[in-house]
Every structure is written in structure tokens, then in C-alpha cells.
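See below for target_4.txt, which holds compact mmCIF, C-alpha atoms.
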```txt
# COMPACT_ATOMS: atom_id res chain seq x y z
CA MET A 25 -2.80 -16.01 -12.71
CA ASP A 26 -5.24 -13.14 -13.18
CA ILE A 27 -7.42 -14.31 -10.28
CA ALA A 28 -4.31 -14.82 -8.13
CA ALA A 29 -3.41 -11.19 -8.84
CA LEU A 30 -6.89 -10.11 -7.75
CA ILE A 31 -6.61 -12.09 -4.51
CA ALA A 32 -3.15 -10.67 -3.79
CA TRP A 33 -4.43 -7.16 -4.57
CA LEU A 34 -7.37 -7.58 -2.19
CA ILE A 35 -5.13 -8.88 0.62
CA THR A 36 -2.80 -5.94 0.02
CA ALA A 37 -5.78 -3.58 0.17
CA LEU A 38 -6.88 -5.04 3.52
CA GLY A 39 -3.51 -4.23 5.05
CA GLY A 40 -3.60 -0.79 3.46
CA PHE A 41 -7.08 -0.08 4.82
CA PHE A 42 -5.95 -1.12 8.29
CA MET A 43 -2.94 1.22 8.17
CA LEU A 44 -4.99 4.07 6.67
CA GLY A 45 -7.60 3.66 9.41
CA THR A 46 -4.91 3.61 12.09
CA TRP A 47 -3.21 6.67 10.60
CA LEU A 48 -6.48 8.61 10.36
CA SER A 49 -7.67 7.64 13.85
CA ARG A 50 -4.34 8.78 15.32
CA GLY A 51 -4.56 12.20 13.66
CA GLY A 52 -2.29 11.59 10.69
CA ALA A 53 -4.37 13.66 8.29
CA SER A 54 -4.45 16.66 10.63
CA GLY A 55 -0.79 17.40 10.00
CA GLY A 56 0.58 16.99 13.51
CA THR A 57 3.89 15.18 13.66
CA SER A 58 3.22 12.60 10.94
CA ARG A 59 6.12 12.07 8.57
CA LEU A 60 3.70 10.82 5.91
CA PRO A 61 2.47 13.69 3.73
CA VAL A 62 -1.30 13.67 3.27
CA PRO A 63 -1.10 13.90 -0.57
CA VAL A 64 1.25 10.91 -0.67
CA VAL A 65 -1.00 8.79 1.55
CA PHE A 66 -4.19 9.61 -0.31
CA GLY A 67 -2.48 9.51 -3.71
CA HIS A 68 -1.22 5.99 -2.93
CA PHE A 69 -4.71 4.95 -1.85
CA ALA A 70 -6.53 6.57 -4.79
CA LEU A 71 -4.21 5.17 -7.46
CA ALA A 72 -4.29 1.69 -5.90
CA ALA A 73 -8.11 1.75 -5.76
CA ALA A 74 -8.33 2.98 -9.36
CA GLY A 75 -5.91 0.27 -10.45
CA LEU A 76 -7.98 -2.38 -8.68
CA LEU A 77 -11.12 -1.19 -10.47
CA VAL A 78 -9.29 -1.29 -13.80
CA TRP A 79 -8.04 -4.81 -12.98
CA ILE A 80 -11.60 -5.94 -12.25
CA GLY A 81 -12.55 -4.40 -15.60
CA TYR A 82 -9.81 -6.47 -17.21
CA LEU A 83 -11.11 -9.62 -15.54
CA ILE A 84 -14.62 -8.93 -16.86
CA THR A 85 -13.67 -7.94 -20.41
CA GLY A 86 -10.32 -9.68 -21.00
CA LYS A 87 -8.99 -6.58 -22.79
CA ASP A 88 -5.19 -6.50 -22.66
CA ALA A 89 -5.17 -2.70 -22.62
CA LEU A 90 -6.85 -2.78 -19.22
CA ALA A 91 -4.23 -5.16 -17.84
CA TRP A 92 -1.49 -2.80 -18.98
CA THR A 93 -3.37 0.20 -17.61
CA ALA A 94 -3.66 -1.51 -14.23
CA PHE A 95 0.06 -2.25 -14.30
CA GLY A 96 0.76 1.37 -15.28
CA LEU A 97 -1.23 2.55 -12.27
CA LEU A 98 0.73 0.20 -10.00
CA VAL A 99 4.04 1.87 -10.89
CA PRO A 100 3.28 5.20 -9.13
CA VAL A 101 1.47 3.27 -6.37
CA ALA A 102 4.70 1.36 -5.72
CA LEU A 103 6.82 4.52 -5.83
CA LEU A 104 4.55 6.26 -3.33
CA GLY A 105 4.59 3.12 -1.18
CA PHE A 106 8.39 3.04 -1.14
CA THR A 107 8.38 6.75 -0.26
CA MET A 108 6.12 6.10 2.72
CA LEU A 109 8.17 3.07 3.79
CA ALA A 110 11.34 5.17 3.73
CA ARG A 111 9.65 7.80 5.90
CA TRP A 112 8.14 5.17 8.26
CA ILE A 113 11.39 3.30 9.03
CA PRO A 114 12.95 6.11 11.14
CA VAL A 115 9.66 6.48 13.03
CA HIS A 116 9.63 2.76 13.74
CA ARG A 117 13.27 2.81 14.87
CA ALA A 118 12.57 5.72 17.19
CA ARG A 119 9.75 3.71 18.74
CA ALA A 120 12.18 1.52 20.68
CA ALA A 121 13.63 4.59 22.35
CA ALA A 122 10.15 5.97 23.03
CA ASP A 123 9.01 2.67 24.56
CA ALA A 124 11.49 3.24 27.39
CA THR A 125 9.60 6.42 28.30
CA ALA A 126 5.91 7.27 28.43
CA ALA A 127 4.27 7.90 25.05
CA THR A 128 3.54 11.52 24.32
CA GLN A 129 0.68 13.25 22.54
CA THR A 130 3.09 14.36 19.80
CA GLU A 131 4.12 10.96 18.49
CA PRO A 132 3.55 10.35 14.77
CA ALA A 133 0.36 8.51 13.86
CA GLU A 134 2.30 5.95 11.81
CA ARG A 135 4.18 4.86 14.91
CA HIS A 136 1.15 2.66 15.64
CA PHE A 137 1.51 0.55 12.48
CA PRO A 138 2.27 -3.05 13.46
CA VAL A 139 5.42 -4.32 11.75
CA PRO A 140 3.72 -7.54 10.51
CA VAL A 141 1.02 -5.47 8.78
CA VAL A 142 3.60 -3.20 7.12
CA ALA A 143 5.68 -6.20 6.03
CA GLY A 144 2.67 -8.18 4.82
CA HIS A 145 1.31 -5.21 2.91
CA GLY A 146 4.65 -4.75 1.19
CA LEU A 147 5.13 -8.42 0.36
CA PHE A 148 1.63 -8.80 -1.07
CA ALA A 149 2.08 -5.54 -2.99
CA VAL A 150 5.22 -6.89 -4.66
CA LEU A 151 3.40 -10.15 -5.42
CA THR A 152 0.51 -8.17 -6.92
CA VAL A 153 2.81 -6.15 -9.20
CA VAL A 154 4.59 -9.30 -10.39
CA LEU A 155 1.35 -11.19 -11.05
CA VAL A 156 -0.23 -8.25 -12.89
CA LEU A 157 2.90 -7.83 -15.04
CA LEU A 158 3.08 -11.54 -15.85
CA THR A 159 -0.60 -11.58 -16.75
CA ALA A 160 -0.23 -8.48 -18.95
CA LEU A 161 2.71 -10.17 -20.70
CA GLY A 162 0.58 -13.26 -21.27
CA ILE A 163 2.81 -15.47 -19.14
CA GLY A 164 1.15 -18.17 -17.07
CA GLY A 165 -2.26 -18.24 -18.67
CA SER A 166 -5.56 -17.29 -17.07
```

What does the file become when written as C-alpha cells?
Amino acid sequence: MDIAALIAWLITALGGFFMLGTWLSRGGASGGTSRLPVPVVFGHFALAAAGLLVWIGYLITGKDALAWTAFGLLVPVALLGFTMLARWIPVHRARAAADATAATQTEPAERHFPVPVVAGHGLFAVLTVVLVLLTALGIGGS
């Protein structure tokens, strides 16, 4: 189960990197009209990356404290992720109205996130949290 958690975490990270790259390339970090606060975006990224490194440390050493630390890091990652999802949904809903007219220079950077990437990122994130928790609890074996 610990390797399954790593695979799920890496797939989640791929979706996250794609969205971060899209957000940055569309001017999200420059303030503009993005509804995603820069500290939230980079905090989510930094905590998730730190958690992944801790999880790899757990896989190498087998120390239960590292599994619990990785899970502890995933809690604020998930909260920040839900915060960004809640702020992205109105932007996505407004996209349908904007599609009827020409796109403007002032549209939020996150408007360009493909729904399948957002959904996949979220689903694999939930799977990652569950697998990390089950592993930390010692359920399912290695």
C-alpha cells in the first residue's frame, strides 16, 4: 500500500504541476484577476512537495514517525486544496458565460484549467490521503 500511495502522490503531483504551470504562464502570480491567492497556491505546492519527500524518506527507512509526518503535512495541503477548489468553481462557472463573448485580457489565469485535470488531481489527492493514512495505521501491509 505504501508504493500505491507513492504512485498516487506522483500522479497527483503531475496534475498539480500542470495547473501550476498554466496558472503561472497566464499571469496568476502577478496578481491580476486571479482568485487564487499566491500564498495559498505556493503553500499548497510547498507542503505537498515536503510531504512527498517525507513519504520517500518513510519508504527508505520504514520509520512510522515519517509516515505520520507525511500524513500531517497532507492535512493542510488538503485544506488549501479545498480552498482553491472553492475559489475556482465560480471562475469555471463564469467561463460558460464568457465563452459566448470574446475572451478578455482580464480573465483569471485559473480559467484555463481543464476540468478533467482539476477532477483527476482532486480524486488522486483523496486517494493519496487515504492510502497514506491506512499505511500509517498499519492497515493493508506494505

Interatomic distance (Å, one decimal) between CA of Thr57 in chain A and CA of Met108 in chain A: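 Going from CA of Thr57 in chain A over to CA of Met108 in chain A, I get 14.4 Å.
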
With only C-alpha atoms as the counted atoms, please give the residues lying no more than 12 Å from Val154 in chain A, apart from itself and same-chain residues fewer than 4 positions off, as a ChimeraX atom specification. /A:25-26,28-30,32-33,94-95,98-99,102,147-150,158-161,163-164

Is there a way to get, as a VMD selection string, all residues within 12 Å of the point (0.4, 12.1, 15.7) in file coordinates, counting all atoms listed in the file? chain A and resid 46 to 60 115 127 to 136

Let me make sure I understand: among A:Phe137, A:Leu157, A:Phe106, A:His68, which one has the smallest atom-to-atom distance to Thr93 in chain A if we use only C-alpha atoms? A:Leu157

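Minimum distance to Ile35 in chain A across A:Leu97, A:Leu76, A:Ala118, A:Val64 (counting only C-alpha atoms) occurs at A:Leu76.
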
Can you measure CA of Ile27 in chain A to CA of Ala72 in chain A for me? One decimal in Å is fine.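 Separation between CA of Ile27 in chain A and CA of Ala72 in chain A: 16.9 Å.
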
Point-to-point distance from CA of Pro100 in chain A to CA of Ile113 in chain A, Å rounded to tenths: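 Interatomic distance, CA of Pro100 in chain A to CA of Ile113 in chain A: 20.0 Å.
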
Ala73 in chain A surroundings by all atoms listed in the file, 12 Å radius, close-in-sequence under 3 positions cut, as a ChimeraX atom specification: /A:33-34,36-38,40-41,66-70,76-80,94,97-98,101

Between A:Ala110, A:Met43, A:Val65, A:Val153, which is the closest to Val139 in chain A once you count all atoms listed in the file?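 Ranked by minimum distance to Val139 in chain A, first place goes to A:Met43.
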